[in-house]
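J.: What follows is input14.cif, mmCIF, C-alpha atoms and all ligand atoms.
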```
data_work
loop_
_atom_site.group_PDB
_atom_site.id
_atom_site.type_symbol
_atom_site.label_atom_id
_atom_site.label_comp_id
_atom_site.auth_asym_id
_atom_site.auth_seq_id
_atom_site.Cartn_x
_atom_site.Cartn_y
_atom_site.Cartn_z
ATOM 1 C CA MET L 1 -14.317 -19.910 4.702
ATOM 2 C CA TYR L 2 -12.302 -16.726 4.998
ATOM 3 C CA GLY L 3 -13.348 -13.165 4.350
ATOM 4 C CA ALA L 4 -11.208 -10.259 3.155
ATOM 5 C CA ILE L 5 -11.704 -6.534 2.707
ATOM 6 C CA GLU L 6 -9.278 -4.309 0.872
ATOM 7 C CA ALA L 7 -10.642 -0.953 1.940
ATOM 8 C CA GLY L 8 -9.427 1.741 -0.452
ATOM 9 C CA GLY L 9 -10.216 5.419 -0.772
ATOM 10 C CA THR L 10 -12.234 4.883 -3.962
ATOM 11 C CA LYS L 11 -13.493 1.326 -3.574
ATOM 12 C CA PHE L 12 -13.774 -1.545 -1.130
ATOM 13 C CA VAL L 13 -12.937 -4.929 -2.596
ATOM 14 C CA CYS L 14 -14.552 -7.731 -0.582
ATOM 15 C CA ALA L 15 -13.848 -11.390 -1.149
ATOM 16 C CA VAL L 16 -14.549 -14.769 0.367
ATOM 17 C CA SER L 17 -12.360 -17.803 -0.163
ATOM 18 C CA ASP L 18 -12.254 -21.452 0.749
ATOM 19 C CA LYS L 19 -9.594 -22.923 3.052
ATOM 20 C CA THR L 20 -7.087 -23.113 0.199
ATOM 21 C CA LEU L 21 -7.568 -19.363 -0.414
ATOM 22 C CA LYS L 22 -9.364 -19.961 -3.696
ATOM 23 C CA ILE L 23 -11.670 -16.987 -4.152
ATOM 24 C CA ILE L 24 -15.340 -17.993 -4.269
ATOM 25 C CA GLU L 25 -16.756 -14.525 -4.840
ATOM 26 C CA ARG L 26 -15.487 -10.976 -4.889
ATOM 27 C CA VAL L 27 -17.251 -7.655 -5.228
ATOM 28 C CA SER L 28 -16.218 -4.043 -5.548
ATOM 29 C CA ILE L 29 -18.185 -1.450 -3.578
ATOM 30 C CA PRO L 30 -17.713 2.318 -3.987
ATOM 31 C CA THR L 31 -16.265 4.124 -0.980
ATOM 32 C CA THR L 32 -18.887 6.724 -0.105
ATOM 33 C CA LYS L 33 -20.065 7.192 3.496
ATOM 34 C CA PRO L 34 -19.506 4.507 6.132
ATOM 35 C CA GLU L 35 -23.261 3.855 6.585
ATOM 36 C CA GLU L 36 -23.755 3.282 2.852
ATOM 37 C CA THR L 37 -20.577 1.391 2.059
ATOM 38 C CA MET L 38 -20.734 -0.838 5.125
ATOM 39 C CA GLU L 39 -24.348 -1.780 4.449
ATOM 40 C CA GLU L 40 -23.193 -3.325 1.174
ATOM 41 C CA VAL L 41 -20.173 -4.914 2.850
ATOM 42 C CA PHE L 42 -22.428 -6.578 5.429
ATOM 43 C CA ALA L 43 -24.910 -7.678 2.769
ATOM 44 C CA PHE L 44 -22.041 -9.451 0.980
ATOM 45 C CA PHE L 45 -20.535 -11.250 3.986
ATOM 46 C CA ASP L 46 -23.938 -12.112 5.495
ATOM 47 C CA ARG L 47 -24.308 -14.677 2.713
ATOM 48 C CA TYR L 48 -21.264 -16.729 3.731
ATOM 49 C CA PRO L 49 -20.248 -18.706 6.826
ATOM 50 C CA ILE L 50 -16.887 -16.983 7.270
ATOM 51 C CA GLU L 51 -14.681 -17.983 10.207
ATOM 52 C CA THR L 52 -12.234 -15.088 10.162
ATOM 53 C CA ILE L 53 -11.749 -11.841 8.245
ATOM 54 C CA GLY L 54 -8.622 -9.967 7.168
ATOM 55 C CA ILE L 55 -8.934 -6.220 6.596
ATOM 56 C CA GLY L 56 -6.348 -4.019 4.877
ATOM 57 C CA SER L 57 -7.512 -0.429 5.118
ATOM 58 C CA PHE L 58 -6.571 2.999 3.822
ATOM 59 C CA GLY L 59 -5.444 5.136 6.679
ATOM 60 C CA PRO L 60 -3.929 6.276 8.836
ATOM 61 C CA ILE L 61 -5.456 3.639 11.103
ATOM 62 C CA ASP L 62 -4.954 2.590 14.712
ATOM 63 C CA VAL L 63 -3.263 -0.819 14.859
ATOM 64 C CA ASN L 64 -2.084 -0.613 18.460
ATOM 65 C CA THR L 65 -3.891 -3.359 20.388
ATOM 66 C CA ASN L 66 -3.337 -1.468 23.663
ATOM 67 C CA SER L 67 -5.075 1.623 22.372
ATOM 68 C CA THR L 68 -8.693 2.532 23.163
ATOM 69 C CA THR L 69 -9.161 3.398 19.511
ATOM 70 C CA TYR L 70 -7.662 0.153 18.131
ATOM 71 C CA GLY L 71 -9.404 -0.695 14.867
ATOM 72 C CA TYR L 72 -10.344 2.903 14.026
ATOM 73 C CA ILE L 73 -9.536 4.807 10.861
ATOM 74 C CA THR L 74 -7.972 7.916 12.398
ATOM 75 C CA SER L 75 -6.826 11.187 10.778
ATOM 76 C CA THR L 76 -7.840 10.452 7.193
ATOM 77 C CA PRO L 77 -8.525 13.321 4.791
ATOM 78 C CA LYS L 78 -11.659 11.362 3.788
ATOM 79 C CA LEU L 79 -13.687 13.116 6.443
ATOM 80 C CA ALA L 80 -16.724 10.810 6.458
ATOM 81 C CA TRP L 81 -14.378 8.032 7.610
ATOM 82 C CA LYS L 82 -12.408 9.985 10.179
ATOM 83 C CA ASP L 83 -12.540 8.253 13.584
ATOM 84 C CA TYR L 84 -14.641 5.418 12.156
ATOM 85 C CA ASN L 85 -14.538 2.314 14.359
ATOM 86 C CA PHE L 86 -14.078 -0.148 11.509
ATOM 87 C CA VAL L 87 -13.100 -3.254 13.502
ATOM 88 C CA GLY L 88 -15.693 -2.438 16.185
ATOM 89 C CA GLU L 89 -18.524 -2.255 13.645
ATOM 90 C CA MET L 90 -17.366 -5.479 11.995
ATOM 91 C CA LYS L 91 -17.223 -7.217 15.383
ATOM 92 C CA LYS L 92 -20.760 -6.110 16.213
ATOM 93 C CA ARG L 93 -21.966 -7.843 13.070
ATOM 94 C CA TYR L 94 -19.621 -10.868 13.051
ATOM 95 C CA GLN L 95 -18.308 -12.303 16.302
ATOM 96 C CA ILE L 96 -15.205 -13.798 14.689
ATOM 97 C CA PRO L 97 -11.450 -13.072 14.766
ATOM 98 C CA ILE L 98 -10.450 -10.084 12.627
ATOM 99 C CA ALA L 99 -6.967 -9.274 11.307
ATOM 100 C CA TRP L 100 -6.453 -5.526 10.871
ATOM 101 C CA THR L 101 -3.664 -3.720 9.060
ATOM 102 C CA THR L 102 -3.014 -1.101 6.386
ATOM 103 C CA ASP L 103 -3.831 -1.701 2.717
ATOM 104 C CA VAL L 104 -0.133 -1.523 1.845
ATOM 105 C CA ASN L 105 0.956 -3.851 4.653
ATOM 106 C CA ALA L 106 -1.611 -6.351 3.341
ATOM 107 C CA ALA L 107 -0.222 -5.936 -0.181
ATOM 108 C CA ALA L 108 3.335 -6.424 1.109
ATOM 109 C CA TYR L 109 2.207 -9.622 2.809
ATOM 110 C CA GLY L 110 0.441 -10.864 -0.320
ATOM 111 C CA GLU L 111 3.543 -10.240 -2.434
ATOM 112 C CA LEU L 112 5.739 -11.953 0.172
ATOM 113 C CA LYS L 113 3.691 -15.152 0.308
ATOM 114 C CA LYS L 114 2.325 -15.361 -3.238
ATOM 115 C CA GLY L 115 4.054 -12.788 -5.437
ATOM 116 C CA ALA L 116 7.384 -11.091 -6.099
ATOM 117 C CA ALA L 117 8.971 -12.029 -2.750
ATOM 118 C CA ILE L 118 8.002 -15.712 -2.476
ATOM 119 C CA GLY L 119 10.488 -17.592 -0.308
ATOM 120 C CA LYS L 120 11.718 -14.423 1.418
ATOM 121 C CA GLU L 121 11.217 -13.323 4.997
ATOM 122 C CA SER L 122 11.161 -9.602 4.319
ATOM 123 C CA CYS L 123 10.105 -7.035 1.754
ATOM 124 C CA VAL L 124 8.945 -3.485 1.293
ATOM 125 C CA TYR L 125 5.943 -2.759 -0.928
ATOM 126 C CA LEU L 126 5.544 0.787 -2.219
ATOM 127 C CA THR L 127 2.560 1.978 -4.208
ATOM 128 C CA VAL L 128 2.919 5.146 -6.266
ATOM 129 C CA GLY L 129 -0.495 6.366 -7.380
ATOM 130 C CA THR L 130 -2.785 9.151 -6.179
ATOM 131 C CA GLY L 131 -0.720 8.990 -3.013
ATOM 132 C CA ILE L 132 2.353 7.040 -1.986
ATOM 133 C CA GLY L 133 2.084 4.328 0.626
ATOM 134 C CA GLY L 134 4.493 1.722 1.832
ATOM 135 C CA GLY L 135 4.126 -1.481 3.785
ATOM 136 C CA GLY L 136 6.706 -3.883 5.025
ATOM 137 C CA VAL L 137 7.364 -7.335 6.340
ATOM 138 C CA VAL L 138 10.416 -8.187 8.436
ATOM 139 C CA ASN L 139 11.159 -11.684 9.779
ATOM 140 C CA GLY L 140 7.850 -12.791 8.277
ATOM 141 C CA GLN L 141 5.887 -10.285 10.404
ATOM 142 C CA LEU L 142 4.083 -7.117 9.340
ATOM 143 C CA LEU L 143 5.991 -4.052 10.383
ATOM 144 C CA SER L 144 4.439 -2.234 13.291
ATOM 145 C CA GLY L 145 5.501 -0.358 16.386
ATOM 146 C CA PHE L 146 3.256 2.034 18.294
ATOM 147 C CA GLY L 147 1.498 2.282 14.961
ATOM 148 C CA HIS L 148 2.126 1.389 11.329
ATOM 149 C CA PRO L 149 4.810 2.680 8.981
ATOM 150 C CA GLU L 150 4.084 5.770 6.878
ATOM 151 C CA MET L 151 6.775 5.263 4.270
ATOM 152 C CA GLY L 152 5.138 7.601 1.778
ATOM 153 C CA HIS L 153 5.914 10.701 3.814
ATOM 154 C CA LEU L 154 9.709 10.620 3.964
ATOM 155 C CA LEU L 155 11.471 13.963 3.872
ATOM 156 C CA LEU L 156 13.985 14.024 1.035
ATOM 157 C CA LYS L 157 16.677 16.074 -0.640
ATOM 158 C CA ILE L 158 15.059 18.160 -3.378
ATOM 159 C CA HIS L 159 16.344 17.809 -6.945
ATOM 160 C CA PRO L 160 18.298 20.967 -7.908
ATOM 161 C CA GLU L 161 16.056 21.552 -10.946
ATOM 162 C CA ASP L 162 12.780 20.957 -9.151
ATOM 163 C CA HIS L 163 10.816 24.122 -8.433
ATOM 164 C CA PHE L 164 7.580 22.449 -7.400
ATOM 165 C CA ALA L 165 6.663 23.190 -3.776
ATOM 166 C CA GLY L 166 4.953 19.840 -3.226
ATOM 167 C CA ASN L 167 1.323 19.177 -2.362
ATOM 168 C CA CYS L 168 1.185 17.037 0.758
ATOM 169 C CA PRO L 169 -1.335 18.784 3.023
ATOM 170 C CA TYR L 170 0.811 17.914 6.051
ATOM 171 C CA HIS L 171 4.401 18.282 4.841
ATOM 172 C CA GLY L 172 4.379 20.026 1.463
ATOM 173 C CA ASN L 173 7.406 18.457 -0.175
ATOM 174 C CA CYS L 174 7.578 15.004 1.401
ATOM 175 C CA LEU L 175 7.906 11.990 -0.933
ATOM 176 C CA GLU L 176 4.148 11.808 -1.551
ATOM 177 C CA GLY L 177 3.984 15.579 -2.033
ATOM 178 C CA ILE L 178 6.631 15.558 -4.768
ATOM 179 C CA ALA L 179 6.420 12.145 -6.419
ATOM 180 C CA ALA L 180 2.819 10.851 -6.386
ATOM 181 C CA GLY L 181 0.701 11.082 -9.553
ATOM 182 C CA PRO L 182 -0.820 14.499 -8.707
ATOM 183 C CA ALA L 183 2.673 16.018 -8.239
ATOM 184 C CA ILE L 184 3.690 14.796 -11.698
ATOM 185 C CA GLU L 185 0.509 16.298 -13.095
ATOM 186 C CA ALA L 186 1.042 19.599 -11.257
ATOM 187 C CA ARG L 187 4.524 20.024 -12.761
ATOM 188 C CA THR L 188 3.714 19.004 -16.323
ATOM 189 C CA GLY L 189 0.032 19.870 -16.697
ATOM 190 C CA LYS L 190 -0.535 16.291 -17.865
ATOM 191 C CA LYS L 191 -1.577 13.063 -16.258
ATOM 192 C CA GLY L 192 1.282 10.598 -15.949
ATOM 193 C CA GLN L 193 -0.288 8.172 -18.403
ATOM 194 C CA LEU L 194 -0.148 10.872 -21.112
ATOM 195 C CA ILE L 195 3.502 11.806 -20.623
ATOM 196 C CA GLU L 196 6.074 10.490 -23.048
ATOM 197 C CA GLU L 197 8.405 7.717 -21.965
ATOM 198 C CA LYS L 198 11.533 9.821 -22.614
ATOM 199 C CA ASP L 199 10.304 12.918 -20.791
ATOM 200 C CA PRO L 200 12.869 14.215 -18.244
ATOM 201 C CA ILE L 201 10.158 14.214 -15.541
ATOM 202 C CA TRP L 202 10.776 10.482 -15.197
ATOM 203 C CA ASN L 203 14.424 11.113 -14.305
ATOM 204 C CA MET L 204 13.274 13.391 -11.513
ATOM 205 C CA GLU L 205 10.705 10.821 -10.417
ATOM 206 C CA ALA L 206 13.408 8.140 -10.321
ATOM 207 C CA TYR L 207 15.686 10.452 -8.330
ATOM 208 C CA TYR L 208 13.056 10.713 -5.588
ATOM 209 C CA LEU L 209 11.912 7.084 -5.572
ATOM 210 C CA ALA L 210 15.545 5.938 -5.451
ATOM 211 C CA GLN L 211 16.210 8.194 -2.461
ATOM 212 C CA ALA L 212 13.237 6.679 -0.684
ATOM 213 C CA ILE L 213 14.435 3.139 -1.243
ATOM 214 C CA VAL L 214 17.981 4.011 -0.236
ATOM 215 C CA ASN L 215 16.433 5.000 3.097
ATOM 216 C CA TYR L 216 14.284 1.869 3.373
ATOM 217 C CA THR L 217 17.354 -0.215 2.551
ATOM 218 C CA LEU L 218 19.486 1.483 5.181
ATOM 219 C CA ILE L 219 16.860 1.068 7.879
ATOM 220 C CA LEU L 220 15.246 -2.293 7.148
ATOM 221 C CA SER L 221 17.577 -4.193 4.868
ATOM 222 C CA PRO L 222 14.607 -5.874 3.140
ATOM 223 C CA GLU L 223 15.245 -8.704 0.696
ATOM 224 C CA LYS L 224 13.011 -7.120 -1.992
ATOM 225 C CA ILE L 225 11.610 -3.732 -2.801
ATOM 226 C CA ILE L 226 8.368 -4.116 -4.732
ATOM 227 C CA PHE L 227 6.607 -1.313 -6.592
ATOM 228 C CA GLY L 228 2.924 -1.075 -7.476
ATOM 229 C CA GLY L 229 0.437 1.693 -8.320
ATOM 230 C CA GLY L 230 -0.532 3.545 -11.481
ATOM 231 C CA VAL L 231 2.646 5.605 -11.884
ATOM 232 C CA MET L 232 4.785 2.443 -11.878
ATOM 233 C CA LYS L 233 3.101 1.329 -15.094
ATOM 234 C CA GLN L 234 5.856 3.476 -16.633
ATOM 235 C CA LYS L 235 8.227 0.559 -16.991
ATOM 236 C CA GLN L 236 11.134 2.796 -18.020
ATOM 237 C CA LEU L 237 11.204 3.984 -14.413
ATOM 238 C CA PHE L 238 12.705 0.702 -13.213
ATOM 239 C CA PRO L 239 16.112 1.024 -14.911
ATOM 240 C CA LEU L 240 16.183 4.736 -14.034
ATOM 241 C CA ILE L 241 15.473 4.001 -10.357
ATOM 242 C CA ARG L 242 18.101 1.249 -10.239
ATOM 243 C CA ALA L 243 20.722 3.567 -11.759
ATOM 244 C CA GLU L 244 19.871 6.371 -9.328
ATOM 245 C CA PHE L 245 19.860 3.946 -6.430
ATOM 246 C CA LYS L 246 23.324 2.701 -7.389
ATOM 247 C CA ALA L 247 24.668 6.256 -7.633
ATOM 248 C CA GLN L 248 23.083 7.444 -4.392
ATOM 249 C CA MET L 249 23.984 4.355 -2.364
ATOM 250 C CA ALA L 250 27.564 4.727 -3.652
ATOM 251 C CA GLU L 251 28.236 1.034 -2.985
ATOM 252 C CA TYR L 252 28.072 1.522 0.746
ATOM 253 C CA VAL L 253 25.629 -1.370 1.257
ATOM 254 C CA GLN L 254 26.020 -4.526 -0.838
ATOM 255 C CA THR L 255 22.452 -5.178 -1.899
ATOM 256 C CA PRO L 256 21.193 -8.146 -3.914
ATOM 257 C CA PRO L 257 21.607 -7.576 -7.711
ATOM 258 C CA LEU L 258 19.420 -4.568 -8.469
ATOM 259 C CA GLU L 259 17.327 -6.331 -11.159
ATOM 260 C CA ASP L 260 16.227 -8.764 -8.433
ATOM 261 C CA TYR L 261 16.071 -6.209 -5.665
ATOM 262 C CA ILE L 262 13.971 -3.393 -7.159
ATOM 263 C CA VAL L 263 11.069 -5.066 -8.920
ATOM 264 C CA PRO L 264 7.463 -4.576 -10.043
ATOM 265 C CA CYS L 265 4.669 -6.262 -8.105
ATOM 266 C CA GLU L 266 3.540 -9.618 -9.459
ATOM 267 C CA LEU L 267 0.023 -9.803 -8.082
ATOM 268 C CA GLY L 268 -1.027 -6.416 -9.484
ATOM 269 C CA ASP L 269 -4.478 -5.437 -8.261
ATOM 270 C CA ASP L 270 -4.771 -8.702 -6.312
ATOM 271 C CA ALA L 271 -1.885 -8.041 -3.909
ATOM 272 C CA GLY L 272 -4.024 -6.421 -1.215
ATOM 273 C CA ILE L 273 -6.926 -8.860 -1.249
ATOM 274 C CA THR L 274 -4.530 -11.832 -1.336
ATOM 275 C CA GLY L 275 -2.703 -10.450 1.699
ATOM 276 C CA CYS L 276 -6.003 -9.952 3.546
ATOM 277 C CA LEU L 277 -7.043 -13.561 2.874
ATOM 278 C CA LEU L 278 -3.658 -14.807 4.093
ATOM 279 C CA LEU L 279 -4.057 -12.789 7.279
ATOM 280 C CA ALA L 280 -7.574 -14.189 7.753
ATOM 281 C CA GLN L 281 -6.203 -17.707 7.303
ATOM 282 C CA GLU L 282 -3.574 -17.081 9.963
ATOM 283 C CA LYS L 283 -6.209 -15.848 12.394
ATOM 284 C CA SER L 284 -8.005 -19.184 12.100
ATOM 285 C CA SER L 285 -5.044 -21.324 13.112
HETATM 286 P P1 LIG I 1 -5.113 5.020 -6.716
HETATM 287 O O1 LIG I 1 -3.803 5.456 -6.161
HETATM 288 O O2 LIG I 1 -6.118 6.112 -6.728
HETATM 289 O O3 LIG I 1 -5.617 3.738 -6.137
HETATM 290 P P2 LIG I 1 -3.644 4.494 -9.155
HETATM 291 O O4 LIG I 1 -2.628 3.627 -8.506
HETATM 292 O O5 LIG I 1 -4.112 4.101 -10.537
HETATM 293 O O6 LIG I 1 -4.930 4.664 -8.279
HETATM 294 O O7 LIG I 1 -3.029 5.942 -9.227
HETATM 295 C C1 LIG I 1 -3.606 6.993 -9.939
HETATM 296 C C2 LIG I 1 -2.494 7.989 -10.279
HETATM 297 O O8 LIG I 1 -1.518 7.323 -11.094
HETATM 298 C C3 LIG I 1 -2.986 9.181 -11.077
HETATM 299 O O9 LIG I 1 -2.282 10.334 -10.639
HETATM 300 C C4 LIG I 1 -2.617 8.823 -12.509
HETATM 301 O O10 LIG I 1 -2.375 9.964 -13.304
HETATM 302 C C5 LIG I 1 -1.364 7.992 -12.333
HETATM 303 N N1 LIG I 1 -1.252 6.978 -13.385
HETATM 304 C C6 LIG I 1 -2.166 6.019 -13.675
HETATM 305 N N2 LIG I 1 -1.747 5.277 -14.732
HETATM 306 C C7 LIG I 1 -0.536 5.770 -15.097
HETATM 307 C C8 LIG I 1 0.418 5.436 -16.108
HETATM 308 N N3 LIG I 1 0.197 4.455 -16.981
HETATM 309 N N4 LIG I 1 1.539 6.161 -16.156
HETATM 310 C C9 LIG I 1 1.770 7.168 -15.297
HETATM 311 N N5 LIG I 1 0.922 7.539 -14.343
HETATM 312 C C10 LIG I 1 -0.225 6.858 -14.229
HETATM 313 ZN ZN ZN I 2 3.510 14.109 3.646
#
```
Let's see the structure in the file written out as structure tokens.
Ligand code: ADP
Ligand code: ZN
T.:
Amino acid sequence: MYGAIEAGGTKFVCAVSDKTLKIIERVSIPTTKPEETMEEVFAFFDRYPIETIGIGSFGPIDVNTNSTTYGYITSTPKLAWKDYNFVGEMKKRYQIPIAWTTDVNAAAYGELKKGAAIGKESCVYLTVGTGIGGGGVVNGQLLSGFGHPEMGHLLLKIHPEDHFAGNCPYHGNCLEGIAAGPAIEARTGKKGQLIEEKDPIWNMEAYYLAQAIVNYTLILSPEKIIFGGGVMKQKQLFPLIRAEFKAQMAEYVQTPPLEDYIVPCELGDDAGITGCLLLAQEKSS
């Protein structure tokens, strides 16, 4: 059996599956303090003979296997989890192989193998919700260097009619600071789900998201760009983003047809946990 944890800022989703990745049981545990949350995580996995575990965590996290703090959650604004030795604590409890990556890298991997990018070798997955996070796969491998990508914090050209200063605590007006759900709410006084489909805010949103994916395209040349997260439930954003992308790219790079290139996620809320199970499966072989 395989275990999987999608560790999010509001909840941890834990699952166990059989060898074919069929989920046997899954639970959702609120993210409070490590001692409390992990007690419930252990209680869940203690009941199953798991061979390997895949973890996709909120971050930033340390994924550098040469680092002394490999497996830690590092500079997170969720202070109770700052410098938490996640992989270390799991290893103390379960002496089995553990795959460790970001929540969005896991989701990218899930979408690549079982969702919107089946049959491809590369993709970028971007979630636009309370924050913006991006994960990527290139040549079938999760993107990583000294650390993991932080695609949500790109620095972008500001829209001429945008007077919002941005609310990223680190960068002010980076992508997350100007285009995540809270930035939309700060400009309009309304939550995204309550804003009308035709509202001009969505044109501004598309302008920023398109800029971000122009950059991802220029750097990574992924075969698919996949969007998830609450804000992307606004389906009218997709044609707006494709049109902005076309204008901004100015036909410099010949991408796949944009309807196939810039797409919604197919696994929805299951992308992350599916990716974690896939990573667990790979650890066992
Ligand atoms: P989280 O990022 O916390 O995991 P979500 O992906 O649901 O959760 O993101 C929450 C953010 O997305 C909030 O800012 C919320 O206002 C916004 N949001 C949720 N649903 C919608 C929607 N249908 N349309 C626009 N914005 C939405
Ligand atoms: Zn930022």
J.: Do you know which residues the PyMOL selection byres (((chain L and resi 19) around 12) and not hetatm) returns on this file, as a list of chain:residue names?
T.: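 Selection result, ordered by chain and number: L:Met1, L:Tyr2, L:Gly3, L:Val16, L:Ser17, L:Asp18, L:Thr20, L:Leu21, L:Lys22, L:Ile23, L:Ile24, L:Ile50, L:Glu51, L:Thr52, L:Leu277, L:Leu278, L:Ala280, L:Gln281, L:Glu282, L:Ser284, L:Ser285.
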J.: Which residue out of L:Leu79, L:Val231, L:Leu237, L:Ala180 has the minimum interatomic distance to L:Lys198 when all atoms listed in the file are used?
T.: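 Nearest candidate to L:Lys198 out of L:Leu79, L:Val231, L:Leu237, L:Ala180: L:Leu237.
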J.: Taking only C-alpha atoms and all ligand atoms into account, name the residue in L:Gln254, L:Thr274, L:Thr31, L:Thr37 that is nearest to ligand LIG 1 (chain I).
T.: L:Thr31
J.: In terms of the shortest atom-to-atom distance over all atoms listed in the file, which of L:Met232, L:Leu209, L:Ile132, L:Ala243 is closest to ligand ZN 2 (chain I)?
T.: L:Ile132
J.: Of the candidates L:Tyr261, L:Pro200, L:Ile178, L:Leu267, which shows the shortest atom-to-atom distance to ligand ZN 2 (chain I), using only C-alpha atoms and all ligand atoms?
T.: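 Comparing L:Tyr261, L:Pro200, L:Ile178, L:Leu267 against ligand ZN 2 (chain I), the winner is L:Ile178.
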J.: Up to 6 Å from (1.1, -4.5, -2.7) in the file's coordinates: name the residues, counting only C-alpha atoms, as a list in words.
T.: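 Neighbouring residues, ordered by chain and number, come to Val104, Ala107, Ala108, Tyr125, Ala271 and Gly272 of chain L.
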J.: What does the list of residues within 7 Å of ligand LIG 1 (chain I) look like if you count only C-alpha atoms and all ligand atoms, written as a list in words?
T.: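 These are the residues that qualify: Thr10, Thr127, Val128, Gly129, Thr130, Gly131, Ala180, Gly181, Pro182, Glu185, Lys191, Gly192, Gln193, Gly229, Gly230, Val231, Met232, Lys233 and Gln234 of chain L.
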J.: Taking the file as shown, what set of residues would the PyMOL selection byres (((chain L and resi 273) around 9) and not hetatm) give back, as a list in words?
T.: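 Residues picked by the PyMOL selection byres (((chain L and resi 273) around 9) and not hetatm): Ala4, Ile5, Glu6, Val13, Cys14, Ala15, Gly54, Ile55, Gly56, Asp103, Ala106, Ala107, Gly110, Asp269, Asp270, Ala271, Gly272, Thr274, Gly275, Cys276, Leu277 and Leu278 of chain L.
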J.: In the coordinate frame of the file, compute which residues have an atom within 8 Å of (-7.3, 3.3, -1.4) when using all atoms listed in the file, and state them as a list in words.
T.: Ala7, Gly8, Gly9, Thr10, Lys11, Ser57, Phe58 and Asp103 of chain L
J.: Can you list what the PyMOL selection byres (((not hetatm)) within 7 of (chain I and resi 2)) grabs from this structure, as a VMD selection string?
T.: chain L and resid 152 to 153 168 to 177
J.: Return as JSON the box centre and box size in Å, one decimal, for an axis-aligned box around all listed atoms of stretch 136-151 of chain L padded by 5 Å per side.
T.:
```
{"center_x": 6.3, "center_y": -3.5, "center_z": 11.3, "size_x": 19.7, "size_y": 28.6, "size_z": 24.0}
```
J.: Any idea what the distance is between atom CA of L:Glu25 and atom CA of L:Glu39?
T.: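 Interatomic distance, atom CA of L:Glu25 to atom CA of L:Glu39: 17.5 Å.
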J.: To one decimal place, how far is atom CA of L:Met38 from atom CA of L:Gly133 in Å?
T.: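 So the answer is 23.8 Å.
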J.: Have a look at atom CA of L:Glu121 and atom CA of L:Phe227 and let me know their distance in Å, one decimal.
T.: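 Atom CA of L:Phe227 lies at a distance of 17.3 Å from atom CA of L:Glu121.
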